[in-house]
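A.B. asks: This is structure12.cif, which holds mmCIF, C-alpha atoms, pLDDT in the B column; chains and numbers go by the auth columns:
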data_run
loop_
_atom_site.group_PDB
_atom_site.id
_atom_site.type_symbol
_atom_site.label_atom_id
_atom_site.label_comp_id
_atom_site.label_asym_id
_atom_site.label_seq_id
_atom_site.Cartn_x
_atom_site.Cartn_y
_atom_site.Cartn_z
_atom_site.B_iso_or_equiv
_atom_site.auth_seq_id
_atom_site.auth_asym_id
ATOM 1 C CA MET A 1 -21.119 -40.227 -11.978 44.00 78 A
ATOM 2 C CA THR A 2 -17.533 -39.117 -11.482 47.00 79 A
ATOM 3 C CA GLY A 3 -15.124 -37.808 -14.096 48.00 80 A
ATOM 4 C CA PRO A 4 -13.159 -41.082 -14.421 49.00 81 A
ATOM 5 C CA ASP A 5 -16.412 -43.011 -14.775 51.00 82 A
ATOM 6 C CA LEU A 6 -17.428 -40.764 -17.668 45.00 83 A
ATOM 7 C CA ASP A 7 -14.082 -41.395 -19.324 51.00 84 A
ATOM 8 C CA ASP A 8 -14.496 -45.145 -18.834 53.00 85 A
ATOM 9 C CA ALA A 9 -17.975 -45.035 -20.376 49.00 86 A
ATOM 10 C CA ALA A 10 -16.769 -43.071 -23.401 51.00 87 A
ATOM 11 C CA GLN A 11 -13.817 -45.352 -24.079 54.00 88 A
ATOM 12 C CA PRO A 12 -15.756 -48.199 -25.764 53.00 89 A
ATOM 13 C CA ARG A 13 -17.400 -45.695 -28.110 53.00 90 A
ATOM 14 C CA ALA A 14 -14.038 -44.174 -28.980 50.00 91 A
ATOM 15 C CA ASN A 15 -12.588 -47.616 -29.594 53.00 92 A
ATOM 16 C CA ALA A 16 -15.526 -48.513 -31.860 49.00 93 A
ATOM 17 C CA ARG A 17 -15.060 -45.325 -33.873 50.00 94 A
ATOM 18 C CA SER A 18 -11.361 -46.038 -34.184 48.00 95 A
ATOM 19 C CA ARG A 19 -12.025 -49.564 -35.474 49.00 96 A
ATOM 20 C CA ARG A 20 -14.439 -48.195 -38.079 49.00 97 A
ATOM 21 C CA ALA A 21 -11.939 -45.547 -39.118 47.00 98 A
ATOM 22 C CA HIS A 22 -9.228 -48.164 -39.662 54.00 99 A
ATOM 23 C CA LYS A 23 -11.419 -50.745 -41.378 62.00 100 A
ATOM 24 C CA PRO A 24 -9.550 -52.080 -44.427 69.00 101 A
ATOM 25 C CA ARG A 25 -10.754 -50.691 -47.739 72.00 102 A
ATOM 26 C CA PRO A 26 -12.299 -53.163 -50.189 84.00 103 A
ATOM 27 C CA PRO A 27 -10.355 -54.021 -53.361 89.00 104 A
ATOM 28 C CA LEU A 28 -10.412 -51.445 -56.139 92.00 105 A
ATOM 29 C CA SER A 29 -11.432 -54.130 -58.625 93.00 106 A
ATOM 30 C CA ALA A 30 -14.943 -54.117 -57.145 92.00 107 A
ATOM 31 C CA LEU A 31 -15.162 -50.358 -57.648 95.00 108 A
ATOM 32 C CA GLU A 32 -13.812 -50.625 -61.195 96.00 109 A
ATOM 33 C CA GLU A 33 -16.526 -53.150 -62.001 94.00 110 A
ATOM 34 C CA ARG A 34 -19.271 -50.833 -60.761 94.00 111 A
ATOM 35 C CA ILE A 35 -17.814 -47.887 -62.670 95.00 112 A
ATOM 36 C CA GLY A 36 -17.363 -49.934 -65.819 94.00 113 A
ATOM 37 C CA HIS A 37 -13.687 -49.215 -66.404 96.00 114 A
ATOM 38 C CA SER A 38 -10.604 -51.255 -65.552 96.00 115 A
ATOM 39 C CA PHE A 39 -7.610 -48.981 -64.997 97.00 116 A
ATOM 40 C CA ALA A 40 -4.294 -49.719 -66.655 96.00 117 A
ATOM 41 C CA ASP A 41 -2.786 -47.320 -64.116 96.00 118 A
ATOM 42 C CA GLN A 42 -4.525 -47.891 -60.791 94.00 119 A
ATOM 43 C CA ASP A 43 -2.519 -45.080 -59.227 95.00 120 A
ATOM 44 C CA LEU A 44 -4.813 -42.694 -61.100 97.00 121 A
ATOM 45 C CA LEU A 45 -7.863 -44.216 -59.456 97.00 122 A
ATOM 46 C CA THR A 46 -6.160 -44.129 -56.051 95.00 123 A
ATOM 47 C CA ARG A 47 -5.405 -40.442 -56.497 95.00 124 A
ATOM 48 C CA ALA A 48 -9.007 -39.785 -57.560 96.00 125 A
ATOM 49 C CA LEU A 49 -10.119 -41.265 -54.227 96.00 126 A
ATOM 50 C CA THR A 50 -7.640 -39.336 -52.078 95.00 127 A
ATOM 51 C CA HIS A 51 -8.936 -36.331 -50.154 93.00 128 A
ATOM 52 C CA THR A 52 -6.702 -33.352 -49.407 89.00 129 A
ATOM 53 C CA SER A 53 -6.854 -34.260 -45.711 87.00 130 A
ATOM 54 C CA LYS A 54 -4.857 -37.391 -46.476 82.00 131 A
ATOM 55 C CA SER A 55 -2.519 -36.197 -49.239 70.00 132 A
ATOM 56 C CA SER A 56 0.957 -34.760 -48.853 64.00 133 A
ATOM 57 C CA GLY A 57 0.159 -31.967 -51.301 58.00 134 A
ATOM 58 C CA ARG A 58 -2.355 -30.857 -53.913 54.00 135 A
ATOM 59 C CA GLY A 59 -0.813 -33.124 -56.510 59.00 136 A
ATOM 60 C CA GLY A 60 -1.468 -36.124 -54.319 82.00 137 A
ATOM 61 C CA SER A 61 -5.203 -35.504 -53.907 91.00 138 A
ATOM 62 C CA TYR A 62 -8.125 -35.584 -56.309 94.00 139 A
ATOM 63 C CA GLN A 63 -8.236 -31.809 -56.833 93.00 140 A
ATOM 64 C CA ARG A 64 -6.466 -31.631 -60.206 95.00 141 A
ATOM 65 C CA LEU A 65 -8.323 -34.700 -61.483 96.00 142 A
ATOM 66 C CA GLU A 66 -11.601 -33.127 -60.379 96.00 143 A
ATOM 67 C CA PHE A 67 -10.805 -30.033 -62.455 96.00 144 A
ATOM 68 C CA LEU A 68 -10.142 -32.191 -65.504 97.00 145 A
ATOM 69 C CA GLY A 69 -13.094 -34.487 -64.924 97.00 146 A
ATOM 70 C CA ASP A 70 -15.513 -31.580 -64.704 95.00 147 A
ATOM 71 C CA ARG A 71 -14.574 -30.589 -68.260 96.00 148 A
ATOM 72 C CA VAL A 72 -14.659 -34.166 -69.513 97.00 149 A
ATOM 73 C CA LEU A 73 -18.136 -34.640 -68.058 96.00 150 A
ATOM 74 C CA GLY A 74 -19.430 -31.415 -69.585 95.00 151 A
ATOM 75 C CA LEU A 75 -18.161 -32.273 -73.056 96.00 152 A
ATOM 76 C CA ALA A 76 -19.370 -35.874 -72.921 94.00 153 A
ATOM 77 C CA VAL A 77 -22.872 -34.870 -71.792 92.00 154 A
ATOM 78 C CA ALA A 78 -23.088 -31.988 -74.282 93.00 155 A
ATOM 79 C CA ASP A 79 -22.054 -34.309 -77.103 91.00 156 A
ATOM 80 C CA ARG A 80 -24.668 -36.865 -76.132 88.00 157 A
ATOM 81 C CA LEU A 81 -27.455 -34.311 -75.755 88.00 158 A
ATOM 82 C CA TYR A 82 -26.615 -32.778 -79.116 90.00 159 A
ATOM 83 C CA GLY A 83 -27.053 -36.137 -80.806 87.00 160 A
ATOM 84 C CA ALA A 84 -29.991 -37.386 -78.727 82.00 161 A
ATOM 85 C CA PHE A 85 -32.217 -34.317 -79.143 82.00 162 A
ATOM 86 C CA PRO A 86 -31.774 -32.963 -82.701 84.00 163 A
ATOM 87 C CA ASN A 87 -34.855 -30.751 -82.438 82.00 164 A
ATOM 88 C CA ALA A 88 -34.007 -29.158 -79.072 80.00 165 A
ATOM 89 C CA ASP A 89 -32.876 -25.557 -79.103 85.00 166 A
ATOM 90 C CA GLU A 90 -29.828 -24.160 -77.322 86.00 167 A
ATOM 91 C CA GLY A 91 -31.835 -23.135 -74.271 82.00 168 A
ATOM 92 C CA ASP A 92 -33.310 -26.576 -73.735 81.00 169 A
ATOM 93 C CA LEU A 93 -29.961 -28.274 -74.307 86.00 170 A
ATOM 94 C CA SER A 94 -28.361 -25.923 -71.786 85.00 171 A
ATOM 95 C CA ARG A 95 -31.012 -26.691 -69.165 82.00 172 A
ATOM 96 C CA ARG A 96 -30.631 -30.412 -69.646 81.00 173 A
ATOM 97 C CA LEU A 97 -26.853 -30.117 -69.519 86.00 174 A
ATOM 98 C CA ALA A 98 -27.019 -28.135 -66.280 83.00 175 A
ATOM 99 C CA ALA A 99 -29.297 -30.749 -64.709 78.00 176 A
ATOM 100 C CA LEU A 100 -27.002 -33.627 -65.590 82.00 177 A
ATOM 101 C CA VAL A 101 -23.669 -32.088 -64.592 87.00 178 A
ATOM 102 C CA ARG A 102 -24.882 -30.495 -61.367 83.00 179 A
ATOM 103 C CA ARG A 103 -23.047 -31.529 -58.214 83.00 180 A
ATOM 104 C CA GLU A 104 -26.095 -33.292 -56.792 81.00 181 A
ATOM 105 C CA THR A 105 -26.156 -35.598 -59.804 83.00 182 A
ATOM 106 C CA CYS A 106 -22.436 -36.339 -59.506 89.00 183 A
ATOM 107 C CA ALA A 107 -22.889 -37.178 -55.821 87.00 184 A
ATOM 108 C CA VAL A 108 -25.709 -39.608 -56.635 85.00 185 A
ATOM 109 C CA VAL A 109 -23.604 -41.287 -59.327 90.00 186 A
ATOM 110 C CA ALA A 110 -20.671 -41.623 -56.909 92.00 187 A
ATOM 111 C CA ALA A 111 -23.016 -43.131 -54.325 90.00 188 A
ATOM 112 C CA SER A 112 -24.261 -45.627 -56.923 90.00 189 A
ATOM 113 C CA TRP A 113 -20.630 -46.609 -57.454 93.00 190 A
ATOM 114 C CA GLU A 114 -20.340 -47.081 -53.665 92.00 191 A
ATOM 115 C CA VAL A 115 -17.131 -45.077 -53.512 95.00 192 A
ATOM 116 C CA GLY A 116 -17.499 -44.312 -49.798 92.00 193 A
ATOM 117 C CA PRO A 117 -15.591 -47.328 -48.433 93.00 194 A
ATOM 118 C CA HIS A 118 -12.803 -46.702 -50.958 95.00 195 A
ATOM 119 C CA LEU A 119 -12.190 -43.055 -50.054 94.00 196 A
ATOM 120 C CA ILE A 120 -8.796 -42.192 -48.599 93.00 197 A
ATOM 121 C CA LEU A 121 -9.557 -39.621 -45.915 91.00 198 A
ATOM 122 C CA GLY A 122 -7.826 -38.039 -42.983 89.00 199 A
ATOM 123 C CA GLN A 123 -8.973 -39.078 -39.529 89.00 200 A
ATOM 124 C CA GLY A 124 -10.978 -35.894 -39.036 87.00 201 A
ATOM 125 C CA GLU A 125 -12.908 -36.385 -42.269 87.00 202 A
ATOM 126 C CA VAL A 126 -13.619 -40.013 -41.412 87.00 203 A
ATOM 127 C CA MET A 127 -14.963 -39.097 -37.975 88.00 204 A
ATOM 128 C CA GLY A 128 -17.005 -36.283 -39.517 86.00 205 A
ATOM 129 C CA GLY A 129 -18.844 -38.586 -41.919 87.00 206 A
ATOM 130 C CA GLY A 130 -16.732 -37.797 -44.963 86.00 207 A
ATOM 131 C CA ARG A 131 -17.583 -41.083 -46.672 90.00 208 A
ATOM 132 C CA ARG A 132 -21.171 -39.838 -47.026 87.00 209 A
ATOM 133 C CA ASN A 133 -20.388 -36.150 -47.563 89.00 210 A
ATOM 134 C CA GLN A 134 -22.201 -35.017 -50.714 86.00 211 A
ATOM 135 C CA THR A 135 -19.535 -32.479 -51.673 88.00 212 A
ATOM 136 C CA ILE A 136 -16.758 -35.052 -51.407 91.00 213 A
ATOM 137 C CA LEU A 137 -18.785 -37.613 -53.360 92.00 214 A
ATOM 138 C CA ALA A 138 -19.441 -35.097 -56.151 91.00 215 A
ATOM 139 C CA ASP A 139 -15.761 -34.121 -56.294 94.00 216 A
ATOM 140 C CA VAL A 140 -14.655 -37.753 -56.423 96.00 217 A
ATOM 141 C CA CYS A 141 -17.108 -38.563 -59.206 96.00 218 A
ATOM 142 C CA GLU A 142 -15.563 -35.861 -61.388 97.00 219 A
ATOM 143 C CA ALA A 143 -12.045 -36.882 -60.345 97.00 220 A
ATOM 144 C CA ILE A 144 -12.715 -40.479 -61.401 98.00 221 A
ATOM 145 C CA LEU A 145 -13.883 -39.287 -64.814 98.00 222 A
ATOM 146 C CA GLY A 146 -10.696 -37.259 -65.122 98.00 223 A
ATOM 147 C CA ALA A 147 -8.672 -40.303 -64.142 98.00 224 A
ATOM 148 C CA ILE A 148 -10.411 -42.436 -66.775 98.00 225 A
ATOM 149 C CA TYR A 149 -9.663 -39.787 -69.398 98.00 226 A
ATOM 150 C CA LEU A 150 -5.961 -39.845 -68.543 98.00 227 A
ATOM 151 C CA ASP A 151 -5.927 -43.631 -68.322 97.00 228 A
ATOM 152 C CA ALA A 152 -7.681 -44.491 -71.592 96.00 229 A
ATOM 153 C CA GLY A 153 -8.788 -41.337 -73.416 97.00 230 A
ATOM 154 C CA PHE A 154 -12.011 -39.472 -74.049 97.00 231 A
ATOM 155 C CA ASP A 155 -13.942 -42.360 -75.601 96.00 232 A
ATOM 156 C CA ALA A 156 -13.488 -44.446 -72.455 96.00 233 A
ATOM 157 C CA ALA A 157 -14.609 -41.568 -70.241 97.00 234 A
ATOM 158 C CA ARG A 158 -17.566 -40.875 -72.499 94.00 235 A
ATOM 159 C CA ALA A 159 -18.653 -44.519 -72.310 94.00 236 A
ATOM 160 C CA VAL A 160 -18.764 -44.290 -68.514 94.00 237 A
ATOM 161 C CA VAL A 161 -20.677 -40.999 -68.657 93.00 238 A
ATOM 162 C CA GLU A 162 -23.211 -42.457 -71.084 88.00 239 A
ATOM 163 C CA ALA A 163 -23.717 -45.460 -68.813 89.00 240 A
ATOM 164 C CA HIS A 164 -24.356 -43.441 -65.664 89.00 241 A
ATOM 165 C CA PHE A 165 -25.622 -39.979 -66.687 83.00 242 A
ATOM 166 C CA ARG A 166 -28.833 -40.662 -68.597 72.00 243 A
ATOM 167 C CA PRO A 167 -30.436 -37.590 -70.209 61.00 244 A
ATOM 168 C CA GLY A 168 -33.856 -39.136 -70.799 51.00 245 A
ATOM 169 C CA GLU A 169 -34.740 -40.058 -67.211 44.00 246 A
ATOM 170 C CA PRO A 170 -36.002 -37.668 -64.506 40.00 247 A
ATOM 171 C CA THR A 171 -33.890 -39.380 -61.858 39.00 248 A
ATOM 172 C CA ALA A 172 -31.397 -37.629 -59.636 37.00 249 A
ATOM 173 C CA ALA A 173 -30.816 -34.886 -62.177 37.00 250 A
ATOM 174 C CA ALA A 174 -34.494 -33.942 -62.218 40.00 251 A
ATOM 175 C CA ARG A 175 -35.211 -34.230 -58.506 42.00 252 A
ATOM 176 C CA GLY A 176 -34.197 -30.667 -57.882 42.00 253 A
ATOM 177 C CA ARG A 177 -36.481 -29.456 -60.650 54.00 254 A
ATOM 178 C CA ASP A 178 -40.214 -28.787 -60.826 73.00 255 A
ATOM 179 C CA ALA A 179 -42.732 -31.341 -62.062 83.00 256 A
ATOM 180 C CA LYS A 180 -43.290 -29.660 -65.449 86.00 257 A
ATOM 181 C CA SER A 181 -39.583 -29.696 -66.252 81.00 258 A
ATOM 182 C CA ALA A 182 -39.213 -33.291 -65.079 83.00 259 A
ATOM 183 C CA LEU A 183 -42.173 -34.421 -67.197 87.00 260 A
ATOM 184 C CA GLN A 184 -40.863 -32.581 -70.250 84.00 261 A
ATOM 185 C CA GLU A 185 -37.449 -34.170 -69.789 79.00 262 A
ATOM 186 C CA TRP A 186 -39.006 -37.620 -69.522 83.00 263 A
ATOM 187 C CA ALA A 187 -41.091 -37.102 -72.690 83.00 264 A
ATOM 188 C CA MET A 188 -38.216 -35.719 -74.754 76.00 265 A
ATOM 189 C CA GLY A 189 -35.942 -38.501 -73.594 75.00 266 A
ATOM 190 C CA ARG A 190 -38.369 -40.906 -75.271 81.00 267 A
ATOM 191 C CA SER A 191 -38.659 -38.825 -78.462 79.00 268 A
ATOM 192 C CA LEU A 192 -42.217 -37.797 -77.585 83.00 269 A
ATOM 193 C CA PRO A 193 -43.659 -34.343 -78.293 87.00 270 A
ATOM 194 C CA ILE A 194 -43.389 -31.775 -75.520 87.00 271 A
ATOM 195 C CA PRO A 195 -46.357 -32.093 -73.106 92.00 272 A
ATOM 196 C CA THR A 196 -49.208 -29.663 -73.755 94.00 273 A
ATOM 197 C CA TYR A 197 -51.417 -27.920 -71.184 95.00 274 A
ATOM 198 C CA ALA A 198 -54.997 -26.719 -71.577 95.00 275 A
ATOM 199 C CA VAL A 199 -57.474 -25.020 -69.261 95.00 276 A
ATOM 200 C CA VAL A 200 -60.384 -27.414 -68.642 95.00 277 A
ATOM 201 C CA GLU A 201 -62.309 -25.231 -66.237 94.00 278 A
ATOM 202 C CA ARG A 202 -62.107 -21.794 -64.639 92.00 279 A
ATOM 203 C CA THR A 203 -64.234 -21.038 -61.605 90.00 280 A
ATOM 204 C CA GLY A 204 -64.493 -18.385 -58.933 85.00 281 A
ATOM 205 C CA PRO A 205 -64.610 -14.580 -59.121 84.00 282 A
ATOM 206 C CA ASP A 206 -62.018 -12.552 -61.002 81.00 283 A
ATOM 207 C CA HIS A 207 -60.213 -11.605 -57.819 77.00 284 A
ATOM 208 C CA ALA A 208 -59.947 -15.253 -56.685 79.00 285 A
ATOM 209 C CA PRO A 209 -60.046 -17.555 -59.697 85.00 286 A
ATOM 210 C CA ARG A 210 -59.412 -21.263 -59.637 89.00 287 A
ATOM 211 C CA PHE A 211 -58.152 -23.262 -62.588 92.00 288 A
ATOM 212 C CA ARG A 212 -58.329 -26.877 -63.624 94.00 289 A
ATOM 213 C CA ILE A 213 -55.609 -27.788 -66.115 95.00 290 A
ATOM 214 C CA ALA A 214 -55.144 -30.929 -68.194 96.00 291 A
ATOM 215 C CA VAL A 215 -51.689 -32.026 -69.345 96.00 292 A
ATOM 216 C CA GLN A 216 -51.440 -34.277 -72.376 95.00 293 A
ATOM 217 C CA VAL A 217 -48.522 -36.571 -73.172 93.00 294 A
ATOM 218 C CA GLU A 218 -48.706 -38.649 -76.329 91.00 295 A
ATOM 219 C CA GLY A 219 -49.843 -42.175 -75.560 90.00 296 A
ATOM 220 C CA LEU A 220 -51.005 -41.423 -71.987 92.00 297 A
ATOM 221 C CA GLU A 221 -54.282 -40.420 -70.401 92.00 298 A
ATOM 222 C CA PRO A 222 -54.314 -36.718 -69.491 94.00 299 A
ATOM 223 C CA GLY A 223 -53.321 -35.623 -66.017 94.00 300 A
ATOM 224 C CA LEU A 224 -55.511 -33.107 -64.180 95.00 301 A
ATOM 225 C CA GLY A 225 -54.487 -30.490 -61.652 92.00 302 A
ATOM 226 C CA ASP A 226 -56.163 -27.656 -59.757 90.00 303 A
ATOM 227 C CA GLY A 227 -54.757 -24.400 -58.482 86.00 304 A
ATOM 228 C CA THR A 228 -55.307 -20.739 -57.802 83.00 305 A
ATOM 229 C CA SER A 229 -53.165 -19.860 -60.840 86.00 306 A
ATOM 230 C CA LYS A 230 -52.454 -21.488 -64.168 89.00 307 A
ATOM 231 C CA ARG A 231 -48.856 -22.070 -63.147 86.00 308 A
ATOM 232 C CA ILE A 232 -49.798 -23.909 -59.974 87.00 309 A
ATOM 233 C CA ALA A 233 -52.482 -25.938 -61.757 89.00 310 A
ATOM 234 C CA GLU A 234 -50.020 -26.937 -64.492 92.00 311 A
ATOM 235 C CA GLN A 235 -47.517 -28.123 -61.914 89.00 312 A
ATOM 236 C CA ALA A 236 -50.250 -30.083 -60.149 90.00 313 A
ATOM 237 C CA ALA A 237 -51.352 -31.677 -63.435 93.00 314 A
ATOM 238 C CA ALA A 238 -47.803 -32.706 -64.348 92.00 315 A
ATOM 239 C CA ARG A 239 -47.251 -34.080 -60.861 89.00 316 A
ATOM 240 C CA ALA A 240 -50.539 -36.035 -60.967 91.00 317 A
ATOM 241 C CA LEU A 241 -49.675 -37.626 -64.299 93.00 318 A
ATOM 242 C CA MET A 242 -46.185 -38.553 -63.140 89.00 319 A
ATOM 243 C CA GLU A 243 -47.452 -40.070 -59.904 87.00 320 A
ATOM 244 C CA ARG A 244 -50.145 -42.039 -61.731 86.00 321 A
ATOM 245 C CA GLU A 245 -47.692 -43.414 -64.300 83.00 322 A
ATOM 246 C CA GLY A 246 -44.878 -43.972 -61.818 82.00 323 A
ATOM 247 C CA ILE A 247 -42.619 -41.449 -63.550 81.00 324 A
ATOM 248 C CA GLY A 248 -39.870 -39.829 -61.463 65.00 325 A
ATOM 249 C CA ALA A 249 -41.524 -40.496 -58.132 46.00 326 A
ATOM 250 C CA SER A 250 -38.878 -38.487 -56.282 38.00 327 A
ATOM 251 C CA ALA A 251 -39.218 -35.308 -58.359 42.00 328 A
ATOM 252 C CA ASP A 252 -39.670 -32.055 -56.540 41.00 329 A
ATOM 253 C CA ALA A 253 -43.288 -31.391 -55.600 40.00 330 A
ATOM 254 C CA GLY A 254 -43.100 -27.964 -57.252 44.00 331 A
ATOM 255 C CA PRO A 255 -45.197 -24.906 -56.350 42.00 332 A
ATOM 256 C CA THR A 256 -47.996 -25.347 -53.830 44.00 333 A
ATOM 257 C CA GLU A 257 -51.145 -23.349 -53.186 47.00 334 A
ATOM 258 C CA THR A 258 -49.147 -20.869 -51.167 39.00 335 A
ATOM 259 C CA ALA A 259 -46.587 -20.282 -53.941 37.00 336 A
#
Show me the file's structure as structure tokens.
C.D. replies:
Amino acid sequence: MTGPDLDDAAQPRANARSRRAHKPRPPLSALEERIGHSFADQDLLTRALTHTSKSSGRGGSYQRLEFLGDRVLGLAVADRLYGAFPNADEGDLSRRLAALVRRETCAVVAASWEVGPHLILGQGEVMGGGRRNQTILADVCEAILGAIYLDAGFDAARAVVEAHFRPGEPTAAARGRDAKSALQEWAMGRSLPIPTYAVVERTGPDHAPRFRIAVQVEGLEPGLGDGTSKRIAEQAAARALMEREGIGASADAGPTETA
């Protein structure tokens, strides 16, 4: 095939990409409904959706709002955790806070809001898949929270955080964590005692032992797991119980036999 023929063949694809890139954005009212906040100043929301590749300067993009929203999110989540788990110590509260404000969680929340079609991106970012870029989605989530704070105050921002960042569910926040942590988070989120683990059986020689561990969660049948160490067997037991009960099906599989 000759050079001109190659150009002719590529042209329809280029035209299709161009049409997608210039597809009109849906109305912001639909996004506001999914977020759960109607902006008095929609310019704030527009700025929260504007990437640096499309802005005339830093003040015209979501960067400053992202900075503010990160702090708003942290305070709102910390406040909720403090009230929701009165018996948790500082270490546990810190771990739960870190899981909920991590960038992966923010990206999942932004995706649930379906912000992608609303993003204001430069042509290069559009062609590079910016509407699905996890970093951009996480940044925009925080920027939107910052915009809500400026638009209506902390209580309004906190209401949105409480609606979309749930501390008692091993959803997106727990997926990057091991099965034991995810199970503990699920139990504590329902005001249940922390799961307990007990050795049911130990077999094999001292140099190559094998353990069977049972995990007990109040109100549920125990979960059993096997492994070449107590740690691996505990992870397997937690994972087995979660899979059986349909808890956090997407949680990390945790350590394996080769761990």
A.B. asks: Which is closer to A:Arg208 than all the others in A:Pro194, A:Gly281, A:Gly302, A:Gly151, using all atoms listed in the file?
C.D. replies: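 So, comparing all the options, the nearest one is A:Pro194.
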A.B. asks: Just to confirm, what's the straight-line distance from atom CA of A:Arg173 to atom CA of A:Lys257 in Å (one decimal)?
C.D. replies: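 One can read the atom CA of A:Arg173 to atom CA of A:Lys257 distance as 13.4 Å.
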A.B. asks: Could you check the closest approach to A:Trp263 for each of A:Glu295, A:Glu219, A:Asp303, A:Glu167 and tell me which residue wins, using only C-alpha atoms?
C.D. replies: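 For A:Trp263, the nearest of the given residues is A:Glu295.
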A.B. asks: Report, in Å with one decimal, the straight-line distance from atom CA of A:Leu121 to atom CA of A:Ala184.
C.D. replies: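 Those two atoms sit 19.6 Å apart.
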A.B. asks: Report as CSV: every residue of stretch 131-223 of chain A with an atom at most 9 Å from stretch 264-280 of chain A, its closest pair of atoms, and their distance in Å to one decimal, counting all atoms listed in the file, with rows sorted by chain and ascending residue number.
C.D. replies:
residue,atom,partner,partner_atom,distance
A:Ala161,CA,A:Gly266,CA,7.9
A:Phe162,CA,A:Met265,CA,7.6
A:Ala165,CA,A:Met265,CA,8.9
A.B. asks: If you keep C-alpha atoms, can you produce a file of those selected residues as a PDB file, in the coordinates of the input?
C.D. replies:
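Everything below was put into again17.pdb:
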ATOM      1  CA  ALA A 161     -29.991 -37.386 -78.727  1.00 82.00           C
ATOM      2  CA  PHE A 162     -32.217 -34.317 -79.143  1.00 82.00           C
ATOM      3  CA  ALA A 165     -34.007 -29.158 -79.072  1.00 80.00           C
TER       4      ALA A 165
END
A.B. asks: Taking 3 positions as the minimum chain separation for residues in the same chain, which residues sit within 12 Å of A:His128 when counting only C-alpha atoms? Answer as a PyMOL selection string.
C.D. replies: chain A and resi 123-125+131-143+193+195-203+207-208+210+212-214+216-217+220
A.B. asks: Starting from the point (-15.1, -37.8, -69.7), work out which residues of protein, DNA or RNA have an atom no more than 6 Å away when counting all atoms listed in the file; state them as a PDB file with C-alpha atoms, in the coordinates of the input.
C.D. replies:
ATOM      1  CA  VAL A 149     -14.659 -34.166 -69.513  1.00 97.00           C
ATOM      2  CA  LEU A 150     -18.136 -34.640 -68.058  1.00 96.00           C
ATOM      3  CA  ALA A 153     -19.370 -35.874 -72.921  1.00 94.00           C
ATOM      4  CA  LEU A 222     -13.883 -39.287 -64.814  1.00 98.00           C
ATOM      5  CA  TYR A 226      -9.663 -39.787 -69.398  1.00 98.00           C
ATOM      6  CA  PHE A 231     -12.011 -39.472 -74.049  1.00 97.00           C
ATOM      7  CA  ALA A 234     -14.609 -41.568 -70.241  1.00 97.00           C
ATOM      8  CA  ARG A 235     -17.566 -40.875 -72.499  1.00 94.00           C
TER       9      ARG A 235
END
A.B. asks: How big is the axis-aligned box around the listed atoms of stretch 106-111 of chain A once 5 Å is added on each side, and where is its centre? Give both in Å to one decimal, as JSON.
C.D. replies:
{"center_x": -15.4, "center_y": -52.2, "center_z": -59.6, "size_x": 17.8, "size_y": 13.8, "size_z": 14.9}
A.B. asks: For atom CA of A:Tyr159 and atom CA of A:Ala187, determine how far apart the two atoms are, in Å to one decimal place.
C.D. replies: 24.6 Å
A.B. asks: Taking all atoms listed in the file into account, name the residue in A:Arg321, A:Arg102, A:Arg243, A:Arg111 that is nearest to A:Leu301.
C.D. replies: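 For A:Leu301, the nearest of the given residues is A:Arg321.
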A.B. asks: Contacts of A:Ala310 at 12 Å or less, counting only C-alpha atoms, minus same-chain residues fewer than 2 places along, as a PyMOL selection string?
C.D. replies: chain A and resi 256-257+274-279+286-292+300-308+312-317+331-334+336
